[in-house]
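To start, the structure under review is shown below, and the notes come after it.
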Amino acid sequence: MTSPAPQDLVITQAGLADWPVVRGWAVDEGWNPGHADSEAFFAQDPEGFFIGRIDGEPVSAISVVNYGADYSFLGWYLVRPDVRGQGYGLTTWKTALAHAENRTVGLDGVVDQQDNYRRSGFELAHRTFRFSGTAPAVEAPADVRAVRPEDLAEITAYDRACTPADRPRFLAHWLTGPGHHAVVRRTGGRVTGYGVIRPGRDCPRIGPLFADTPEDARALFAALTADAAGREVAVDVPETNAAGVALAEEAGFTPSFETARMYTGPVRPYAQERVFGVTTLELG
């Protein structure tokens, strides 16, 4: 029995209709993707998703999503388990990376792939830990409320200070996606943090959780978990935010999964101390 060579792999841009099979692979890997993630992802850069096929059957996938002229983020790097080790992943990787052109590319890499990423020019910025645990039974603070349409411009501006790139198209979908619950905290008439919780395959996931101070983050965390009390919830916390790690530990959450944020070059400065929980491991 012979296997198709990598040159028999046909790689094309993927559409939203192609992505459920890729999401299924991510579920099998234990990534716990959100139920409505894909729509928001494709809204940011619909040309940034790729799928590889052999004889018409999907075998590999990746996303390289562009944010403006300077930054791109790589995610969804997957090869179907029964055809791994045949070069399909690397061929898909090389084809898709061309979409980033000369942008700095970021990714959140799983532990067993980090050496491969280094060989491709990615350098470690920090580790991120997925904390999960049973949501505590607390009341939502009075000064945290659901995001309203009129908040979008101010939240987009706040988000800009917390990320390496502007992402207004993504946010417009992320804040309002099916099942997504977005909350904002205002102090002194201005936004001092916001967060989103969304349903996932295995449990709800918080992301992002951006806040000026640990007090703001704690209030937002309480509001996000109030409706999930007694259920398992997950949040991805960068190790660079010691207060974020402490917040997760105070809630009784424990680390269950580790990735590394890596970049191919410089990214614009952003307020890492405000990042108590990253948005997603697939789009940064």
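Residue numbering restarts at 1 for every chain of the structure tokens, chains are lettered A, B, ... in their displayed order, and ligands are numbered from 1 as they appear.
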
Write out as a list in words which residues come within 8 Å of A:Met262 when counting only C-alpha atoms, dropping same-chain ones fewer than 6 positions away.
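Within the cut-off, the hits are Gly106, Leu107, Asp108, Gly109, Phe122, Glu123, Leu124, Ala125 and His126 of chain A.
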
Excluding A:Val275 and any residue of its chain fewer than 4 positions from it, enumerate the residues within 9 Å of it, using only C-alpha atoms, and give them as a list in words.
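My reading of the contact set: Cys162, Thr163, Pro208, Leu209, Phe210, Ala211, Asp212, Val237, Pro238, Thr240, Asn241, Gly244 and Ala271 of chain A.
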
Go ahead and write the residues just picked, N, CA, C and O atoms, as a compact mmCIF listing (two decimals), in the first residue's frame.
```
# COMPACT_ATOMS: atom_id res chain seq x y z
N CYS A 162 -4.61 46.65 24.23
CA CYS A 162 -4.32 45.38 24.89
C CYS A 162 -3.85 44.29 23.93
O CYS A 162 -3.62 43.14 24.35
N THR A 163 -3.70 44.62 22.66
CA THR A 163 -3.37 43.62 21.65
C THR A 163 -2.32 44.18 20.69
O THR A 163 -2.17 45.40 20.55
N PRO A 208 -11.76 37.54 25.62
CA PRO A 208 -10.68 37.99 26.47
C PRO A 208 -11.16 38.37 27.87
O PRO A 208 -12.37 38.46 28.12
N LEU A 209 -10.20 38.58 28.74
CA LEU A 209 -10.44 39.24 30.03
C LEU A 209 -9.37 40.31 30.14
O LEU A 209 -8.23 40.04 30.51
N PHE A 210 -9.73 41.54 29.75
CA PHE A 210 -8.82 42.68 29.75
C PHE A 210 -9.28 43.66 30.82
O PHE A 210 -10.48 44.00 30.87
N ALA A 211 -8.35 44.15 31.64
CA ALA A 211 -8.75 45.03 32.73
C ALA A 211 -7.58 45.91 33.16
O ALA A 211 -6.42 45.50 33.07
N ASP A 212 -7.92 47.11 33.64
CA ASP A 212 -6.90 48.03 34.12
C ASP A 212 -6.18 47.51 35.37
O ASP A 212 -4.97 47.64 35.50
N VAL A 237 -4.45 32.13 30.61
CA VAL A 237 -3.79 33.23 31.30
C VAL A 237 -2.31 33.28 30.94
O VAL A 237 -1.60 32.28 31.11
N PRO A 238 -1.80 34.41 30.45
CA PRO A 238 -0.36 34.52 30.19
C PRO A 238 0.42 34.56 31.48
O PRO A 238 0.03 35.23 32.44
N THR A 240 2.98 36.07 32.14
CA THR A 240 3.51 37.40 32.40
C THR A 240 2.60 38.23 33.29
O THR A 240 3.03 39.25 33.83
N ASN A 241 1.35 37.82 33.45
CA ASN A 241 0.42 38.55 34.32
C ASN A 241 0.25 37.78 35.62
O ASN A 241 -0.63 36.93 35.74
N GLY A 244 -3.15 37.88 37.05
CA GLY A 244 -4.10 37.02 36.36
C GLY A 244 -4.00 35.58 36.83
O GLY A 244 -5.02 34.90 37.04
N ALA A 271 -0.39 46.75 26.32
CA ALA A 271 -0.47 46.70 27.80
C ALA A 271 -0.66 45.27 28.27
O ALA A 271 -1.77 44.83 28.59
```

So, with only C-alpha atoms as the atoms that count, which of A:Leu247, A:Ala40, A:Ala26, A:Ile155 lies closest to A:Gly75?
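The closest residue to A:Gly75 is A:Ala26.
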
I'd like to know which residues of stretch 22-117 of chain A are strand (DSSP E or B) (by DSSP, run on the backbone); could you write them as a ChimeraX atom specification?
/A:34,49-54,57-67,71-79,104-110

Neighbouring residues of stretch 5-19 of chain A were defined as those with any atom within 10 Å, considering only C-alpha atoms; residues of the same chain fewer than 4 positions away were excluded. Please report them as a PDB file with N, CA and C atoms, in the first residue's frame.
```
ATOM      1  N   ARG A  23     -12.953  22.037  12.789  1.00  0.00           N
ATOM      2  CA  ARG A  23     -13.364  22.186  14.184  1.00  0.00           C
ATOM      3  C   ARG A  23     -13.475  20.819  14.854  1.00  0.00           C
ATOM      4  N   GLY A  24     -13.967  19.826  14.117  1.00  0.00           N
ATOM      5  CA  GLY A  24     -14.050  18.475  14.666  1.00  0.00           C
ATOM      6  C   GLY A  24     -12.688  17.910  15.022  1.00  0.00           C
ATOM      7  N   TRP A  25     -11.681  18.188  14.175  1.00  0.00           N
ATOM      8  CA  TRP A  25     -10.316  17.747  14.505  1.00  0.00           C
ATOM      9  C   TRP A  25      -9.839  18.416  15.794  1.00  0.00           C
ATOM     10  N   SER A  38     -15.978  30.261  14.581  1.00  0.00           N
ATOM     11  CA  SER A  38     -15.572  30.369  13.179  1.00  0.00           C
ATOM     12  C   SER A  38     -16.096  31.627  12.509  1.00  0.00           C
ATOM     13  N   GLU A  39     -17.327  31.996  12.803  1.00  0.00           N
ATOM     14  CA  GLU A  39     -17.910  33.168  12.145  1.00  0.00           C
ATOM     15  C   GLU A  39     -17.095  34.428  12.451  1.00  0.00           C
ATOM     16  N   PHE A  41     -13.917  34.502  13.411  1.00  0.00           N
ATOM     17  CA  PHE A  41     -12.584  34.342  12.830  1.00  0.00           C
ATOM     18  C   PHE A  41     -12.588  34.733  11.355  1.00  0.00           C
ATOM     19  N   PHE A  42     -13.559  34.215  10.612  1.00  0.00           N
ATOM     20  CA  PHE A  42     -13.630  34.499   9.178  1.00  0.00           C
ATOM     21  C   PHE A  42     -13.966  35.959   8.913  1.00  0.00           C
ATOM     22  N   ALA A  43     -14.653  36.610   9.849  1.00  0.00           N
ATOM     23  CA  ALA A  43     -14.980  38.026   9.661  1.00  0.00           C
ATOM     24  C   ALA A  43     -13.717  38.875   9.603  1.00  0.00           C
ATOM     25  N   PRO A  46     -11.346  36.680   5.746  1.00  0.00           N
ATOM     26  CA  PRO A  46     -11.926  35.490   5.120  1.00  0.00           C
ATOM     27  C   PRO A  46     -10.991  34.776   4.156  1.00  0.00           C
ATOM     28  N   GLU A  47      -9.892  35.423   3.773  1.00  0.00           N
ATOM     29  CA  GLU A  47      -8.950  34.777   2.866  1.00  0.00           C
ATOM     30  C   GLU A  47      -7.799  34.097   3.607  1.00  0.00           C
ATOM     31  N   GLY A  48      -7.851  34.078   4.941  1.00  0.00           N
ATOM     32  CA  GLY A  48      -6.740  33.580   5.731  1.00  0.00           C
ATOM     33  C   GLY A  48      -6.867  32.144   6.206  1.00  0.00           C
ATOM     34  N   PHE A  49      -7.751  31.353   5.601  1.00  0.00           N
ATOM     35  CA  PHE A  49      -7.995  29.986   6.046  1.00  0.00           C
ATOM     36  C   PHE A  49      -7.720  29.026   4.894  1.00  0.00           C
ATOM     37  N   PHE A  50      -7.027  27.933   5.207  1.00  0.00           N
ATOM     38  CA  PHE A  50      -6.555  27.025   4.167  1.00  0.00           C
ATOM     39  C   PHE A  50      -6.819  25.582   4.567  1.00  0.00           C
ATOM     40  N   ILE A  51      -7.100  24.777   3.557  1.00  0.00           N
ATOM     41  CA  ILE A  51      -7.366  23.361   3.799  1.00  0.00           C
ATOM     42  C   ILE A  51      -6.665  22.548   2.717  1.00  0.00           C
ATOM     43  N   GLY A  52      -6.058  21.430   3.115  1.00  0.00           N
ATOM     44  CA  GLY A  52      -5.380  20.542   2.180  1.00  0.00           C
ATOM     45  C   GLY A  52      -6.207  19.284   1.966  1.00  0.00           C
ATOM     46  N   ARG A  53      -6.266  18.837   0.735  1.00  0.00           N
ATOM     47  CA  ARG A  53      -7.064  17.655   0.406  1.00  0.00           C
ATOM     48  C   ARG A  53      -6.260  16.658  -0.417  1.00  0.00           C
ATOM     49  N   ILE A  54      -6.535  15.392  -0.182  1.00  0.00           N
ATOM     50  CA  ILE A  54      -6.043  14.300  -1.016  1.00  0.00           C
ATOM     51  C   ILE A  54      -7.270  13.615  -1.614  1.00  0.00           C
ATOM     52  N   ASP A  55      -7.325  13.584  -2.934  1.00  0.00           N
ATOM     53  CA  ASP A  55      -8.480  12.997  -3.630  1.00  0.00           C
ATOM     54  C   ASP A  55      -9.793  13.595  -3.133  1.00  0.00           C
ATOM     55  N   GLY A  56      -9.758  14.892  -2.845  1.00  0.00           N
ATOM     56  CA  GLY A  56     -10.956  15.594  -2.426  1.00  0.00           C
ATOM     57  C   GLY A  56     -11.281  15.494  -0.961  1.00  0.00           C
ATOM     58  N   GLU A  57     -10.537  14.683  -0.202  1.00  0.00           N
ATOM     59  CA  GLU A  57     -10.818  14.502   1.220  1.00  0.00           C
ATOM     60  C   GLU A  57      -9.909  15.396   2.062  1.00  0.00           C
ATOM     61  N   PRO A  58     -10.463  16.169   2.996  1.00  0.00           N
ATOM     62  CA  PRO A  58      -9.638  17.041   3.843  1.00  0.00           C
ATOM     63  C   PRO A  58      -8.661  16.244   4.701  1.00  0.00           C
ATOM     64  N   VAL A  59      -7.401  16.685   4.704  1.00  0.00           N
ATOM     65  CA  VAL A  59      -6.386  16.020   5.525  1.00  0.00           C
ATOM     66  C   VAL A  59      -5.572  16.997   6.362  1.00  0.00           C
ATOM     67  N   SER A  60      -5.615  18.296   6.038  1.00  0.00           N
ATOM     68  CA  SER A  60      -4.800  19.269   6.769  1.00  0.00           C
ATOM     69  C   SER A  60      -5.486  20.625   6.737  1.00  0.00           C
ATOM     70  N   ALA A  61      -5.116  21.475   7.699  1.00  0.00           N
ATOM     71  CA  ALA A  61      -5.709  22.813   7.763  1.00  0.00           C
ATOM     72  C   ALA A  61      -4.787  23.754   8.514  1.00  0.00           C
ATOM     73  N   ILE A  62      -4.999  25.040   8.273  1.00  0.00           N
ATOM     74  CA  ILE A  62      -4.255  26.074   8.982  1.00  0.00           C
ATOM     75  C   ILE A  62      -4.948  27.410   8.722  1.00  0.00           C
ATOM     76  N   SER A  63      -4.757  28.361   9.621  1.00  0.00           N
ATOM     77  CA  SER A  63      -5.211  29.729   9.377  1.00  0.00           C
ATOM     78  C   SER A  63      -4.034  30.673   9.552  1.00  0.00           C
ATOM     79  N   GLN A  86       3.580  12.450   6.797  1.00  0.00           N
ATOM     80  CA  GLN A  86       3.750  12.303   5.359  1.00  0.00           C
ATOM     81  C   GLN A  86       4.029  13.630   4.648  1.00  0.00           C
ATOM     82  N   GLY A  87       4.255  14.679   5.425  1.00  0.00           N
ATOM     83  CA  GLY A  87       4.623  15.951   4.829  1.00  0.00           C
ATOM     84  C   GLY A  87       3.464  16.873   4.523  1.00  0.00           C
ATOM     85  N   TYR A  88       2.245  16.456   4.809  1.00  0.00           N
ATOM     86  CA  TYR A  88       1.091  17.293   4.477  1.00  0.00           C
ATOM     87  C   TYR A  88       1.052  18.564   5.324  1.00  0.00           C
ATOM     88  N   GLY A  89       1.398  18.426   6.608  1.00  0.00           N
ATOM     89  CA  GLY A  89       1.360  19.590   7.483  1.00  0.00           C
ATOM     90  C   GLY A  89       2.355  20.650   7.059  1.00  0.00           C
ATOM     91  N   LEU A  90       3.591  20.249   6.812  1.00  0.00           N
ATOM     92  CA  LEU A  90       4.622  21.211   6.438  1.00  0.00           C
ATOM     93  C   LEU A  90       4.300  21.892   5.112  1.00  0.00           C
ATOM     94  N   THR A  91       3.775  21.130   4.158  1.00  0.00           N
ATOM     95  CA  THR A  91       3.410  21.717   2.871  1.00  0.00           C
ATOM     96  C   THR A  91       2.280  22.730   3.038  1.00  0.00           C
ATOM     97  N   THR A  92       1.306  22.400   3.861  1.00  0.00           N
ATOM     98  CA  THR A  92       0.198  23.322   4.125  1.00  0.00           C
ATOM     99  C   THR A  92       0.713  24.571   4.830  1.00  0.00           C
ATOM    100  N   THR A  95       2.617  26.884   2.388  1.00  0.00           N
ATOM    101  CA  THR A  95       1.693  27.522   1.442  1.00  0.00           C
ATOM    102  C   THR A  95       0.930  28.655   2.111  1.00  0.00           C
ATOM    103  N   ALA A  96       0.429  28.405   3.313  1.00  0.00           N
ATOM    104  CA  ALA A  96      -0.408  29.400   3.990  1.00  0.00           C
ATOM    105  C   ALA A  96       0.396  30.591   4.485  1.00  0.00           C
TER     106      ALA A  96
END
```

Residue among A:Arg127, A:Ala165, A:Val79, A:Glu101 lying closest to A:Gln44, counting only C-alpha atoms
A:Ala165

Alpha helix (DSSP H) residues, from DSSP on the backbone, in stretch 114-201 of chain A, as a list of chain:residue names
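Those in stretch 114-201 of chain A that DSSP calls alpha helix (DSSP H) are A:Gln114, A:Asp115, A:Asn116, A:Tyr117, A:Arg118, A:Arg119, A:Leu152, A:Ala153, A:Glu154, A:Ile155, A:Thr156, A:Ala157, A:Tyr158, A:Asp159, A:Arg160, A:Pro168, A:Arg169, A:Phe170, A:Leu171, A:Ala172, A:His173, A:Trp174.
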
Test item: residues at most 6 Å from A:Asn32, only C-alpha atoms, excluding those fewer than 5 positions along its chain, as an MDAnalysis selection string:
chainID A and resid 27 200:202

Export, as a JSON list (two decimals), in the first residue's frame, the selected residues with N, CA and C atoms.
```json
[["chain", "number", "residue", "atom", "x", "y", "z"],
["A", 27, "VAL", "N", -11.67, 19.50, 18.26],
["A", 27, "VAL", "CA", -12.37, 18.85, 19.37],
["A", 27, "VAL", "C", -11.64, 17.58, 19.77],
["A", 200, "GLY", "N", -18.26, 26.39, 24.89],
["A", 200, "GLY", "CA", -17.28, 25.59, 24.18],
["A", 200, "GLY", "C", -17.70, 24.13, 24.12],
["A", 201, "ARG", "N", -16.92, 23.34, 23.41],
["A", 201, "ARG", "CA", -17.25, 21.92, 23.26],
["A", 201, "ARG", "C", -17.28, 21.20, 24.60],
["A", 202, "ASP", "N", -16.29, 21.46, 25.44],
["A", 202, "ASP", "CA", -16.20, 20.77, 26.73],
["A", 202, "ASP", "C", -16.69, 21.60, 27.90]]
```

Using only C-alpha atoms, which of A:Gly265, A:Pro81, A:Pro164, A:Gly277 sits nearest A:Gly121?
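Ranking A:Gly265, A:Pro81, A:Pro164, A:Gly277 by distance to A:Gly121, first place goes to A:Gly265.
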
Pairwise distance for atom CA of A:Asp159 and atom CA of A:Leu171, rounded to one decimal in Å
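These two atoms are separated by 8.8 Å.
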
Using only C-alpha atoms, which of the listed residues (A:Asn116, A:Val22, A:Ala36, A:Phe129) sits closest to A:Arg80?
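Going through A:Asn116, A:Val22, A:Ala36, A:Phe129 one by one, the smallest distance to A:Arg80 is for A:Val22.
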
So which one's closest to A:Ser72, A:Ala137, A:Val233, A:Leu283, A:Ile206? Using only C-alpha atoms, please.
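Closest to A:Ser72, using only C-alpha atoms: A:Leu283.
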
Under the rule that only C-alpha atoms are counted, which of A:Ala153, A:Ala242, A:Val21, A:Val64 is the nearest residue to A:Ala100?
A:Val64

Quick one, how far is atom CA of A:Ala161 from atom CA of A:Ala223?
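Taking atom CA of A:Ala161 as the start and atom CA of A:Ala223 as the end point, the length is 22.4 Å.
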
Given only C-alpha atoms, how would the per-residue table for stretch 73-164 of chain A near stretch 185-192 of chain A read, listing every residue at most 7 Å away with its closest atom pair and distance in Å to one decimal, sorted by chain and number, as a Markdown table?
```
| residue | atom | partner | partner_atom | distance |
| --- | --- | --- | --- | --- |
| A:Asp143 | CA | A:Arg185 | CA | 6.2 |
| A:Val144 | CA | A:Arg185 | CA | 4.6 |
| A:Arg145 | CA | A:Arg185 | CA | 6.7 |
```

Please write the residues from the selection above to a file, keeping N, CA, C and O atoms, as a short mmCIF file (atom, residue, chain, number, x, y, z; two decimals), in the first residue's frame.
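File produced: part.cif:
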```cif
data_model
loop_
_atom_site.label_atom_id
_atom_site.label_comp_id
_atom_site.auth_asym_id
_atom_site.auth_seq_id
_atom_site.Cartn_x
_atom_site.Cartn_y
_atom_site.Cartn_z
N ASP A 143 -21.52 47.18 39.24
CA ASP A 143 -20.89 48.12 38.32
C ASP A 143 -20.35 47.44 37.06
O ASP A 143 -19.60 48.03 36.29
N VAL A 144 -20.73 46.19 36.84
CA VAL A 144 -20.41 45.48 35.60
C VAL A 144 -21.73 45.15 34.91
O VAL A 144 -22.66 44.63 35.54
N ARG A 145 -21.82 45.47 33.63
CA ARG A 145 -23.07 45.21 32.91
C ARG A 145 -22.77 44.62 31.54
O ARG A 145 -21.62 44.61 31.07
#
```
